[in-house]
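Everything below belongs to structure.txt, which stores compact mmCIF, C-alpha atoms.
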```
# COMPACT_ATOMS: atom_id res chain seq x y z
CA MET A 1 -26.16 -9.81 -19.30
CA ARG A 2 -22.82 -10.88 -20.65
CA THR A 3 -22.16 -14.60 -21.12
CA SER A 4 -19.02 -16.21 -22.40
CA SER A 5 -17.65 -19.60 -23.36
CA LEU A 6 -14.33 -21.15 -24.31
CA ILE A 7 -14.93 -23.22 -27.42
CA ARG A 8 -13.30 -25.25 -30.18
CA PRO A 9 -16.18 -25.33 -32.64
CA VAL A 10 -16.33 -27.92 -35.42
CA ASN A 11 -14.92 -26.47 -38.65
CA SER A 12 -13.90 -23.43 -36.56
CA LEU A 13 -17.16 -21.73 -37.49
CA ILE A 14 -19.99 -20.17 -35.53
CA PHE A 15 -23.29 -18.72 -36.69
CA ILE A 16 -25.11 -15.82 -35.05
CA SER A 17 -28.83 -15.78 -35.77
CA ASP A 18 -32.29 -15.84 -34.31
CA ARG A 19 -33.22 -18.92 -32.27
CA ALA A 20 -35.01 -20.34 -35.32
CA GLY A 21 -31.90 -19.99 -37.45
CA GLY A 22 -31.48 -17.84 -40.51
CA ARG A 23 -30.32 -17.78 -44.10
CA ILE A 24 -26.72 -18.89 -43.84
CA PRO A 25 -24.36 -16.83 -46.01
CA LEU A 26 -22.51 -18.49 -48.88
CA TRP A 27 -18.90 -19.39 -48.15
CA GLN A 28 -16.21 -17.12 -49.52
CA LYS A 29 -12.52 -17.87 -49.34
CA SER A 30 -10.50 -15.91 -46.78
CA LYS A 31 -13.50 -14.00 -45.41
CA GLN A 32 -13.61 -14.12 -41.64
CA ILE A 33 -17.11 -12.67 -41.31
CA LEU A 34 -19.95 -13.32 -43.75
CA TRP A 35 -23.53 -12.28 -43.31
CA THR A 36 -27.08 -12.18 -44.58
CA ASP A 37 -29.99 -10.26 -43.08
CA SER A 38 -30.73 -13.15 -40.73
CA CYS A 39 -27.40 -14.88 -40.06
CA ILE A 40 -23.76 -13.93 -39.49
CA SER A 41 -20.99 -16.51 -39.74
CA VAL A 42 -17.68 -15.92 -38.00
CA ALA A 43 -14.50 -17.94 -38.40
CA CYS A 44 -12.91 -18.76 -35.05
CA TYR A 45 -9.33 -19.63 -34.17
CA PRO A 46 -8.48 -22.97 -35.84
CA GLU A 47 -9.91 -25.62 -33.55
CA GLN A 48 -6.84 -27.88 -33.67
CA ASP A 49 -4.53 -25.00 -32.74
CA GLY A 50 -6.39 -23.71 -29.71
CA PRO A 51 -9.67 -22.52 -28.19
CA THR A 52 -11.60 -19.34 -28.89
CA GLU A 53 -13.10 -17.23 -26.14
CA LEU A 54 -16.57 -16.13 -27.16
CA SER A 55 -18.58 -13.40 -25.41
CA LEU A 56 -22.17 -12.37 -26.01
CA GLY A 57 -23.88 -9.44 -24.35
CA ALA A 58 -25.01 -5.88 -24.69
CA SER A 59 -22.55 -3.85 -26.74
CA SER A 60 -21.82 -1.61 -23.78
CA GLU A 61 -20.78 -4.67 -21.74
CA VAL A 62 -18.57 -6.46 -24.28
CA ASP A 63 -17.02 -3.50 -26.16
CA PRO A 64 -13.25 -3.97 -25.82
CA GLY A 65 -12.61 -0.37 -26.82
CA PHE A 66 -11.51 -0.67 -30.43
CA ARG A 67 -13.31 -0.57 -33.78
CA PRO A 68 -15.63 -3.55 -34.45
CA GLU A 69 -14.98 -5.76 -37.50
CA PHE A 70 -18.70 -5.97 -38.15
CA ASP A 71 -21.47 -3.49 -37.45
CA GLY A 72 -24.87 -4.29 -38.93
CA MET A 73 -28.48 -5.30 -38.35
CA LEU A 74 -29.75 -8.83 -37.71
CA GLU A 75 -33.33 -10.08 -38.01
CA THR A 76 -34.49 -11.74 -34.78
CA PRO A 77 -38.18 -12.65 -35.25
CA ASN A 78 -38.23 -14.64 -31.98
CA ARG A 79 -36.32 -11.92 -30.08
CA ILE A 80 -33.57 -14.35 -29.14
CA VAL A 81 -30.05 -14.00 -30.49
CA THR A 82 -28.17 -17.30 -30.51
CA VAL A 83 -24.67 -18.44 -31.32
CA GLN A 84 -24.65 -21.91 -32.89
CA ASP A 85 -22.08 -24.24 -34.41
CA VAL A 86 -22.35 -25.92 -37.81
CA THR A 87 -24.52 -28.70 -36.40
CA HIS A 88 -26.92 -26.05 -35.04
CA GLU A 89 -25.96 -26.81 -31.44
CA MET A 90 -26.56 -23.69 -29.37
CA ILE A 91 -23.46 -22.29 -27.70
CA LEU A 92 -24.77 -19.00 -26.26
CA SER A 93 -28.06 -17.11 -26.38
CA MET A 94 -29.50 -13.79 -25.32
CA ASN A 95 -32.99 -12.28 -25.22
CA VAL A 96 -33.46 -9.02 -27.09
CA ALA A 97 -36.29 -6.51 -27.17
CA GLU A 98 -36.65 -6.02 -30.91
CA GLN A 99 -37.13 -8.16 -34.02
CA LEU A 100 -34.31 -6.29 -35.74
CA VAL A 101 -31.24 -5.61 -33.66
CA ARG A 102 -27.88 -3.98 -34.17
CA VAL A 103 -24.99 -6.42 -33.84
CA ARG A 104 -21.33 -5.53 -33.50
CA ILE A 105 -18.49 -8.04 -33.56
CA TRP A 106 -15.01 -7.39 -32.25
CA LEU A 107 -12.07 -9.63 -33.12
CA ASN A 108 -8.73 -9.42 -31.33
CA HIS A 109 -6.85 -10.38 -34.53
CA PRO A 110 -7.67 -9.65 -38.17
CA ARG A 111 -7.05 -13.25 -39.26
CA TRP A 112 -6.60 -15.52 -36.24
CA ALA A 113 -8.92 -14.18 -33.60
CA ASN A 114 -9.07 -16.22 -30.41
CA ARG A 115 -11.26 -13.69 -28.61
CA ILE A 116 -14.56 -12.79 -30.25
CA ALA A 117 -16.99 -10.38 -28.64
CA ILE A 118 -20.55 -10.13 -29.93
CA GLY A 119 -22.37 -7.01 -28.84
CA VAL A 120 -26.10 -6.56 -29.29
CA GLY A 121 -27.80 -3.17 -29.37
CA MET B 122 -69.62 -40.56 -54.78
CA THR B 123 -67.04 -37.92 -54.07
CA TYR B 124 -66.69 -35.33 -56.82
CA ILE B 125 -63.16 -34.98 -58.09
CA HIS B 126 -62.37 -32.11 -60.39
CA PRO B 127 -61.36 -33.46 -63.82
CA ALA B 128 -58.34 -31.19 -63.94
CA TYR B 129 -57.02 -32.67 -60.69
CA LEU B 130 -57.60 -36.20 -61.96
CA GLN B 131 -55.75 -35.33 -65.16
CA HIS B 132 -52.90 -33.92 -63.09
CA GLU B 133 -52.73 -37.14 -61.06
CA ARG B 134 -52.74 -39.26 -64.21
CA LYS B 135 -49.86 -37.26 -65.68
CA ARG B 136 -47.95 -37.41 -62.43
CA PHE B 137 -48.16 -41.17 -62.28
CA MET B 138 -46.99 -41.53 -65.87
CA ARG B 139 -43.64 -40.02 -64.93
CA PRO B 140 -40.72 -42.47 -64.90
CA ASP B 141 -40.16 -41.67 -61.22
CA ALA B 142 -43.85 -41.98 -60.34
CA TYR B 143 -43.16 -44.46 -57.54
CA ARG B 144 -41.98 -41.47 -55.47
CA PHE B 145 -45.58 -40.28 -55.19
CA PHE B 146 -47.02 -43.59 -54.19
CA PHE B 147 -47.23 -44.84 -50.62
CA PRO B 148 -48.00 -48.47 -49.84
CA ASP B 149 -50.41 -47.44 -47.06
CA TRP B 150 -52.49 -45.11 -49.22
CA ARG B 151 -55.73 -46.86 -48.15
CA ARG B 152 -55.36 -45.28 -44.72
CA TYR B 153 -56.44 -42.00 -46.28
CA VAL B 154 -59.56 -43.35 -47.94
CA ARG B 155 -62.88 -42.98 -46.18
CA ALA B 156 -65.47 -45.76 -46.18
CA GLY B 157 -67.70 -45.57 -49.26
CA GLN B 158 -65.03 -44.10 -51.53
CA GLU B 159 -64.00 -47.47 -52.99
CA HIS B 160 -65.75 -46.74 -56.27
CA ASP B 161 -64.26 -43.32 -56.76
CA LEU B 162 -62.19 -42.74 -59.85
CA LEU B 163 -59.18 -41.77 -57.79
CA TYR B 164 -59.45 -44.93 -55.68
CA ARG B 165 -59.51 -47.10 -58.80
CA HIS B 166 -56.63 -45.09 -60.23
CA PHE B 167 -54.50 -45.79 -57.16
CA GLU B 168 -55.54 -49.43 -57.19
CA ARG B 169 -54.35 -49.80 -60.77
CA PHE B 170 -51.11 -48.13 -59.90
CA GLU B 171 -50.63 -50.41 -56.90
CA ARG B 172 -51.12 -53.48 -59.08
CA LYS B 173 -48.61 -52.11 -61.55
CA TYR B 174 -45.85 -51.98 -58.93
CA SER B 175 -46.91 -54.82 -56.68
CA PRO B 176 -44.25 -57.45 -55.93
CA ASP B 177 -47.07 -60.00 -56.05
CA GLN B 178 -47.92 -59.10 -59.63
CA PRO B 179 -47.67 -62.23 -61.75
CA ARG B 180 -44.74 -62.74 -64.07
CA VAL B 181 -44.38 -64.55 -67.35
CA PRO B 182 -43.20 -68.10 -66.52
CA GLN B 183 -39.69 -69.24 -67.25
CA GLY B 184 -39.15 -70.78 -70.64
CA SER B 185 -41.24 -68.33 -72.61
CA PRO B 186 -39.53 -65.54 -74.57
CA ASN B 187 -40.61 -62.95 -71.98
CA GLY B 188 -39.85 -65.19 -69.01
CA GLY B 189 -39.50 -63.34 -65.72
CA GLN B 190 -41.13 -60.09 -66.83
CA TRP B 191 -44.08 -58.55 -65.03
CA THR B 192 -47.43 -59.16 -66.67
CA ASN B 193 -51.05 -58.10 -66.17
CA ASP B 194 -53.39 -60.25 -64.09
CA GLY B 195 -54.27 -63.35 -66.10
CA ASP B 196 -52.98 -61.91 -69.35
CA ALA B 197 -49.40 -62.92 -69.88
CA GLY B 198 -49.28 -61.66 -73.42
CA ALA B 199 -50.60 -58.15 -72.90
CA SER B 200 -48.15 -55.33 -73.02
CA GLY B 201 -48.34 -52.11 -71.09
CA ARG B 202 -46.00 -49.35 -70.17
CA ASN B 203 -43.18 -51.14 -68.40
CA ASP B 204 -40.19 -49.02 -67.68
CA PRO B 205 -37.55 -51.65 -66.99
CA ARG B 206 -35.75 -49.25 -64.68
CA ILE B 207 -38.66 -48.75 -62.29
CA ILE B 208 -40.12 -51.70 -60.51
CA SER B 209 -39.83 -50.67 -56.86
CA ASP B 210 -43.15 -50.32 -55.07
CA THR B 211 -41.89 -48.64 -51.94
CA ALA B 212 -41.10 -45.08 -50.98
CA PRO B 213 -37.37 -44.32 -51.40
CA ASP B 214 -36.83 -43.53 -47.73
CA SER B 215 -37.74 -47.02 -46.62
CA VAL B 216 -35.19 -48.69 -48.86
CA SER B 217 -31.52 -49.07 -48.10
CA PRO B 218 -29.57 -46.90 -50.55
CA SER B 219 -27.25 -49.76 -51.33
CA ILE B 220 -30.03 -51.93 -52.71
CA GLN B 221 -32.49 -49.39 -54.05
CA TYR B 222 -31.04 -49.01 -57.51
CA ALA B 223 -30.53 -52.78 -57.67
CA GLN B 224 -34.28 -53.21 -57.24
CA ASN B 225 -34.77 -51.09 -60.32
CA ARG B 226 -32.86 -53.51 -62.49
CA PRO B 227 -34.91 -55.17 -65.19
CA ARG B 228 -36.02 -58.69 -64.42
CA GLY B 229 -34.65 -61.36 -66.70
CA GLY B 230 -31.73 -59.34 -68.06
CA PHE B 231 -31.90 -57.30 -71.26
CA ALA B 232 -33.08 -59.98 -73.69
CA SER B 233 -36.12 -57.81 -74.20
CA VAL B 234 -37.14 -54.43 -72.86
CA ILE B 235 -40.42 -52.60 -73.11
CA ILE B 236 -40.19 -49.03 -74.28
CA ASN B 237 -43.30 -46.86 -74.53
CA GLY B 238 -45.46 -49.98 -74.31
CA GLN B 239 -43.66 -51.72 -77.13
CA GLN B 240 -41.60 -54.82 -76.57
CA VAL B 241 -38.18 -54.34 -78.08
CA GLU B 242 -35.49 -56.96 -78.43
CA PRO B 243 -32.04 -55.39 -78.30
CA THR B 244 -29.28 -56.88 -80.40
CA SER B 245 -26.71 -58.93 -78.54
CA GLY B 246 -24.34 -55.98 -78.76
CA GLN B 247 -26.95 -53.67 -77.28
CA GLN B 248 -27.70 -56.19 -74.52
CA ALA B 249 -24.05 -56.23 -73.54
CA ARG B 250 -23.84 -52.44 -73.58
CA LEU B 251 -27.05 -52.19 -71.56
CA ALA B 252 -25.64 -54.54 -68.94
CA VAL B 253 -22.44 -52.51 -68.72
CA VAL B 254 -24.02 -49.03 -68.53
CA GLU B 255 -26.67 -50.22 -66.08
CA ALA B 256 -23.98 -51.66 -63.80
CA GLN B 257 -21.95 -48.45 -64.07
CA ALA B 258 -24.98 -46.32 -63.26
CA ARG B 259 -25.92 -48.53 -60.33
CA ALA B 260 -22.42 -48.44 -58.87
CA ALA B 261 -22.14 -44.66 -59.25
CA ILE B 262 -25.56 -44.02 -57.72
CA GLN B 263 -24.80 -46.35 -54.83
CA HIS B 264 -21.59 -44.40 -54.20
CA VAL B 265 -23.53 -41.11 -54.09
CA ARG B 266 -26.20 -42.54 -51.80
CA GLU B 267 -23.62 -43.57 -49.24
CA LEU B 268 -23.17 -39.83 -48.70
CA ASP B 269 -26.51 -38.46 -49.84
CA PRO B 270 -29.20 -41.17 -49.50
CA LYS B 271 -32.04 -39.06 -50.87
CA TRP B 272 -30.26 -38.11 -54.06
CA GLN B 273 -31.56 -39.50 -57.31
CA PRO B 274 -30.72 -38.71 -60.91
CA THR B 275 -33.12 -36.67 -63.01
CA PRO B 276 -34.89 -39.27 -65.18
CA SER B 277 -34.28 -39.16 -68.91
CA ALA B 278 -36.93 -39.85 -71.53
CA TYR B 279 -36.11 -42.43 -74.20
CA GLU B 280 -37.85 -44.05 -77.14
CA SER B 281 -35.35 -46.64 -78.30
CA VAL B 282 -32.79 -49.09 -76.97
CA GLU B 283 -30.07 -46.58 -77.75
CA GLY B 284 -32.09 -44.03 -75.83
CA LEU B 285 -32.28 -46.40 -72.87
CA ILE B 286 -28.51 -46.87 -73.00
CA GLY B 287 -28.19 -43.09 -73.08
CA ALA B 288 -30.51 -42.80 -70.09
CA TYR B 289 -28.32 -45.14 -68.06
CA ARG B 290 -25.25 -43.19 -69.17
CA SER B 291 -26.97 -39.99 -68.10
CA ASP B 292 -27.71 -41.50 -64.68
CA ALA B 293 -24.07 -42.48 -64.26
CA GLN B 294 -22.85 -39.08 -65.42
CA GLN B 295 -25.17 -37.26 -63.04
CA ALA B 296 -23.97 -39.47 -60.20
CA LEU B 297 -20.33 -38.74 -61.00
CA GLU B 298 -21.05 -35.02 -61.12
CA ARG B 299 -22.81 -35.22 -57.78
CA ILE B 300 -19.85 -37.06 -56.24
CA SER B 301 -17.52 -34.40 -57.62
CA THR B 302 -19.70 -31.62 -56.19
CA LEU B 303 -19.78 -33.27 -52.77
CA GLN B 304 -16.01 -33.81 -52.84
CA GLN B 305 -15.42 -30.14 -53.63
CA VAL B 306 -17.23 -29.13 -50.44
CA GLY B 307 -15.48 -31.73 -48.32
CA ILE B 308 -18.15 -34.43 -48.24
CA GLY B 309 -16.41 -37.74 -48.75
CA PRO B 310 -12.68 -38.28 -49.16
CA GLY B 311 -11.53 -35.72 -51.70
CA PRO B 312 -9.68 -36.22 -54.97
CA PHE B 313 -6.33 -35.60 -53.25
CA ALA B 314 -6.89 -38.08 -50.45
CA GLY B 315 -3.77 -40.06 -49.71
CA GLY B 316 -3.44 -41.80 -46.39
CA SER B 317 -5.90 -41.71 -43.52
CA ILE B 318 -6.19 -43.12 -40.03
CA PRO B 319 -9.22 -44.69 -38.34
CA ALA B 320 -11.23 -42.34 -36.14
CA ARG B 321 -11.88 -43.52 -32.59
CA GLY B 322 -15.34 -42.05 -32.92
CA PRO B 323 -17.08 -38.82 -33.80
CA GLN B 324 -15.53 -36.98 -30.85
CA ARG B 325 -12.81 -34.41 -31.44
CA ASP B 326 -10.60 -35.07 -28.42
CA PHE B 327 -7.67 -35.98 -30.63
CA ILE B 328 -4.52 -37.39 -29.08
CA ALA B 329 -0.98 -36.33 -29.98
CA ALA B 330 -0.36 -39.48 -32.03
CA GLU B 331 -3.42 -38.76 -34.20
CA ARG B 332 -2.40 -35.13 -34.70
CA GLY B 333 1.11 -36.24 -35.61
CA ALA B 334 -0.11 -38.86 -38.07
CA ILE B 335 -2.45 -36.43 -39.82
CA ASN B 336 0.26 -33.77 -40.06
CA ARG B 337 2.63 -36.35 -41.53
CA ILE B 338 0.05 -37.50 -44.12
CA GLY B 339 -0.77 -33.87 -44.88
CA SER B 340 2.88 -33.02 -45.46
CA GLU B 341 3.07 -35.85 -48.01
CA THR B 342 -0.23 -35.55 -49.88
CA GLY B 343 -1.71 -32.22 -48.75
CA CYS B 344 -5.33 -31.33 -48.04
CA HIS B 345 -7.52 -34.22 -49.17
CA THR B 346 -10.08 -31.81 -50.61
CA CYS B 347 -7.99 -29.26 -52.53
CA GLY B 348 -4.47 -30.70 -52.48
CA THR B 349 -2.76 -27.67 -50.99
CA MET B 350 0.35 -28.58 -49.01
CA SER B 351 -0.15 -25.75 -46.52
CA PRO B 352 -2.72 -26.22 -43.75
CA GLY B 353 -3.26 -22.45 -43.71
CA THR B 354 -3.32 -22.30 -39.93
CA PRO B 355 -1.10 -20.27 -37.56
CA LEU B 356 0.60 -23.34 -36.06
CA GLU B 357 0.75 -25.18 -39.41
CA ASN B 358 -1.42 -28.03 -38.12
CA PHE B 359 -3.78 -29.72 -40.55
CA VAL B 360 -7.41 -30.02 -39.54
CA LEU B 361 -8.28 -33.61 -38.58
CA ASP B 362 -11.28 -34.14 -40.80
CA HIS B 363 -13.73 -36.94 -40.10
CA GLN B 364 -14.96 -38.70 -43.22
CA PRO B 365 -17.83 -39.05 -43.60
CA PRO B 366 -18.29 -35.81 -41.63
CA THR B 367 -19.95 -36.40 -38.28
CA ALA B 368 -22.72 -33.95 -39.12
CA TRP B 369 -23.25 -35.57 -42.52
CA ASN B 370 -23.06 -39.30 -41.90
CA PRO B 371 -26.57 -40.48 -42.80
CA LEU B 372 -25.75 -44.17 -42.70
CA GLY B 373 -23.68 -43.99 -39.52
CA SER B 374 -20.66 -45.35 -41.39
CA SER B 375 -17.38 -45.85 -39.60
CA GLN B 376 -15.21 -42.77 -39.93
CA ARG B 377 -11.60 -42.11 -40.87
CA LEU B 378 -9.49 -39.01 -40.36
CA TYR B 379 -7.94 -37.13 -43.27
CA PRO B 380 -5.79 -33.99 -43.35
CA GLN B 381 -7.69 -30.91 -44.48
CA CYS B 382 -6.70 -27.26 -44.83
CA PHE B 383 -8.39 -24.53 -42.81
CA SER B 384 -10.11 -23.03 -45.84
CA CYS B 385 -11.66 -26.33 -47.01
CA SER B 386 -12.73 -27.09 -43.45
CA ALA B 387 -14.61 -23.79 -43.24
CA ARG B 388 -16.19 -24.39 -46.62
CA GLN B 389 -17.29 -27.87 -45.53
CA GLY B 390 -18.85 -26.48 -42.36
CA ASN B 391 -20.66 -23.77 -44.26
CA TRP B 392 -22.06 -26.29 -46.76
CA ILE B 393 -23.18 -28.75 -44.08
CA SER B 394 -24.87 -26.02 -42.11
CA ARG B 395 -26.65 -24.60 -45.17
CA ASN B 396 -27.81 -28.07 -46.18
CA GLY B 397 -29.28 -28.97 -42.82
CA GLY B 398 -26.51 -31.07 -41.34
CA ARG B 399 -27.32 -32.94 -38.14
CA ARG B 400 -29.55 -30.97 -35.81
```

As structure tokens:
Amino acid sequence: MRTSSLIRPVNSLIFISDRAGGRIPLWQKSKQILWTDSCISVACYPEQDGPTELSLGASSEVDPGFRPEFDGMLETPNRIVTVQDVTHEMILSMNVAEQLVRVRIWLNHPRWANRIAIGVG
Amino acid sequence: MTYIHPAYLQHERKRFMRPDAYRFFFPDWRRYVRAGQEHDLLYRHFERFERKYSPDQPRVPQGSPNGGQWTNDGDAGASGRNDPRIISDTAPDSVSPSIQYAQNRPRGGFASVIINGQQVEPTSGQQARLAVVEAQARAAIQHVRELDPKWQPTPSAYESVEGLIGAYRSDAQQALERISTLQQVGIGPGPFAGGSIPARGPQRDFIAAERGAINRIGSETGCHTCGTMSPGTPLENFVLDHQPPTAWNPLGSSQRLYPQCFSCSARQGNWISRNGGRR
């Protein structure tokens, strides 16, 4: 089921991982999406400039119809995909069937995305 | 009597000979001892260690050459290993960061220090240098611990007064490097910090006046972390950065707002999250 939220996350960053967290990728300048096997970080629209609309759901539900910026696998040992901010506060979550799931991320702008869709499966 | 493997006992002995041995010692260690174990080697070992760092341990009376220094029970003249930098008998977490290093200061100044069990009397020049480097190290470490209370310098070994001076210098240098590292990732006001405004609290519901003030400061002095004059955001607004960061404010210090660029803000968030910022 698709869920969404309008957010202004601290440091304009979100992390997609299993409920128990994951290995957060090292920061790299000017990279909007960074990832490890267990965590994906995504830079949102700058918090002081405006909100970001975030959607999480099955890929078929959230696919906006263009090529995703990220398409890879994520370890989910607890079978729950979560979106958290830098203080590990949960923003969105979704149950999944497998311990390794395909995740796709669509951004509506290559640098200043204010709509981010996270598709699972 | 409980059998304790000699290798384990040897390991414990070595561990408690380390300059930072107090880290392994808890004042309530007797809680973990079962009745009947009071004559065990390990029990006696801990008891000796407790006496060594007890605040009730007798000191040499004032007036004598070693006045104020710790001494063994009933034997004011005996010498033992007495690292003048380590006197605290409590676990680091229970001590306020601002006073912890102060507790490690040698009692009675630097008229004499004990190094490797030998009493050494520094020259007056060395005493002055010891006082200066110890104060510098203490101030630098206190500065680090305001942002990172659990941090402590890697202890240095020394066998002479000059070595002890070097050890204090090493502590200060490590503290300065740690501050620099934290500043680079946006922890603490950065090297380019100019003006700042008081934060109303940790919340991020900034008002127009605060946004305007931070943009004005940013246009004059740039990002407090990297110095860039461009915020790097689509609307050219600087990020209003709480310092200390809300997610990394271990002492609950009052916060101020500084201008920060988008890139440094993201780097700060990444570092805080990787290092277990507030959960």

At most 7 Å is the cut-off: for each residue in chain B with any atom that close to an atom of chain A, write down the nearest atom pair and the distance in Å rounded to one decimal, counting only C-alpha atoms, chain first then increasing number, as JSON lines.
```
{"residue": "B:Thr354", "atom": "CA", "partner": "A:Pro46", "partner_atom": "CA", "distance": 6.6}
{"residue": "B:Leu356", "atom": "CA", "partner": "A:Asp49", "partner_atom": "CA", "distance": 6.3}
{"residue": "B:Asn358", "atom": "CA", "partner": "A:Asp49", "partner_atom": "CA", "distance": 6.9}
{"residue": "B:Val360", "atom": "CA", "partner": "A:Gln48", "partner_atom": "CA", "distance": 6.3}
{"residue": "B:Ala368", "atom": "CA", "partner": "A:Thr87", "partner_atom": "CA", "distance": 6.2}
{"residue": "B:Ser384", "atom": "CA", "partner": "A:Lys29", "partner_atom": "CA", "distance": 6.7}
{"residue": "B:Ser386", "atom": "CA", "partner": "A:Asn11", "partner_atom": "CA", "distance": 5.3}
{"residue": "B:Ala387", "atom": "CA", "partner": "A:Asn11", "partner_atom": "CA", "distance": 5.3}
{"residue": "B:Arg388", "atom": "CA", "partner": "A:Trp27", "partner_atom": "CA", "distance": 5.9}
{"residue": "B:Gly390", "atom": "CA", "partner": "A:Asn11", "partner_atom": "CA", "distance": 5.4}
{"residue": "B:Asn391", "atom": "CA", "partner": "A:Trp27", "partner_atom": "CA", "distance": 6.1}
{"residue": "B:Ile393", "atom": "CA", "partner": "A:Val86", "partner_atom": "CA", "distance": 6.9}
{"residue": "B:Ser394", "atom": "CA", "partner": "A:Val86", "partner_atom": "CA", "distance": 5.0}
{"residue": "B:Arg395", "atom": "CA", "partner": "A:Ile24", "partner_atom": "CA", "distance": 5.9}
{"residue": "B:Gly398", "atom": "CA", "partner": "A:Thr87", "partner_atom": "CA", "distance": 5.8}
{"residue": "B:Arg399", "atom": "CA", "partner": "A:Thr87", "partner_atom": "CA", "distance": 5.4}
{"residue": "B:Arg400", "atom": "CA", "partner": "A:Thr87", "partner_atom": "CA", "distance": 5.5}
```

For B:Ser317, find every residue with an atom within 12 Å (counting all atoms listed in the file), except residues of its own chain fewer than 3 positions away, and show them as a ChimeraX atom specification.
/B:310-311,313-314,320,331-339,341-345,361-364,376-381

Around the point (-12.3, -8.9, -30.5) (coordinates from the file), which residues reach within 12 Å if we count only C-alpha atoms? Answer as a VMD selection string.
chain A and resid 42 44 to 45 52 to 56 62 to 70 104 to 119

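Across the model, the gap from atom CA of B:Arg290 to atom CA of B:Arg266 is 17.4 Å.
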
List as a ChimeraX atom specification: which residues have an atom within 6 Å of (-7.2, -23.5, -45.1), counting only C-alpha atoms?
/B:352-353,382-385

Any idea what's packed within 9 Å of B:Phe231, counting only C-alpha atoms, ignoring anything in its chain fewer than 3 positions away? Could you give it as a PyMOL selection string?
chain B and resi 227-228+234+242-243+247-249+251-252

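The space separating atom CA of B:Pro371 from atom CA of B:Asn396 comes to 12.9 Å.
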
Using all atoms listed in the file, which residues sit within 9 Å of stretch 276-284 of chain B once same-chain residues fewer than 2 positions away are excluded, as a compact mmCIF listing (two decimals) with C-alpha atoms, in the frame of the given file?
```txt
# COMPACT_ATOMS: atom_id res chain seq x y z
CA ARG B 139 -43.64 -40.02 -64.93
CA PRO B 140 -40.72 -42.47 -64.90
CA ASP B 141 -40.16 -41.67 -61.22
CA VAL B 234 -37.14 -54.43 -72.86
CA ILE B 236 -40.19 -49.03 -74.28
CA ASN B 237 -43.30 -46.86 -74.53
CA VAL B 241 -38.18 -54.34 -78.08
CA GLU B 242 -35.49 -56.96 -78.43
CA PRO B 243 -32.04 -55.39 -78.30
CA GLN B 247 -26.95 -53.67 -77.28
CA LEU B 251 -27.05 -52.19 -71.56
CA GLN B 273 -31.56 -39.50 -57.31
CA PRO B 274 -30.72 -38.71 -60.91
CA ILE B 286 -28.51 -46.87 -73.00
CA GLY B 287 -28.19 -43.09 -73.08
CA ALA B 288 -30.51 -42.80 -70.09
CA TYR B 289 -28.32 -45.14 -68.06
CA SER B 291 -26.97 -39.99 -68.10
CA ASP B 292 -27.71 -41.50 -64.68
```
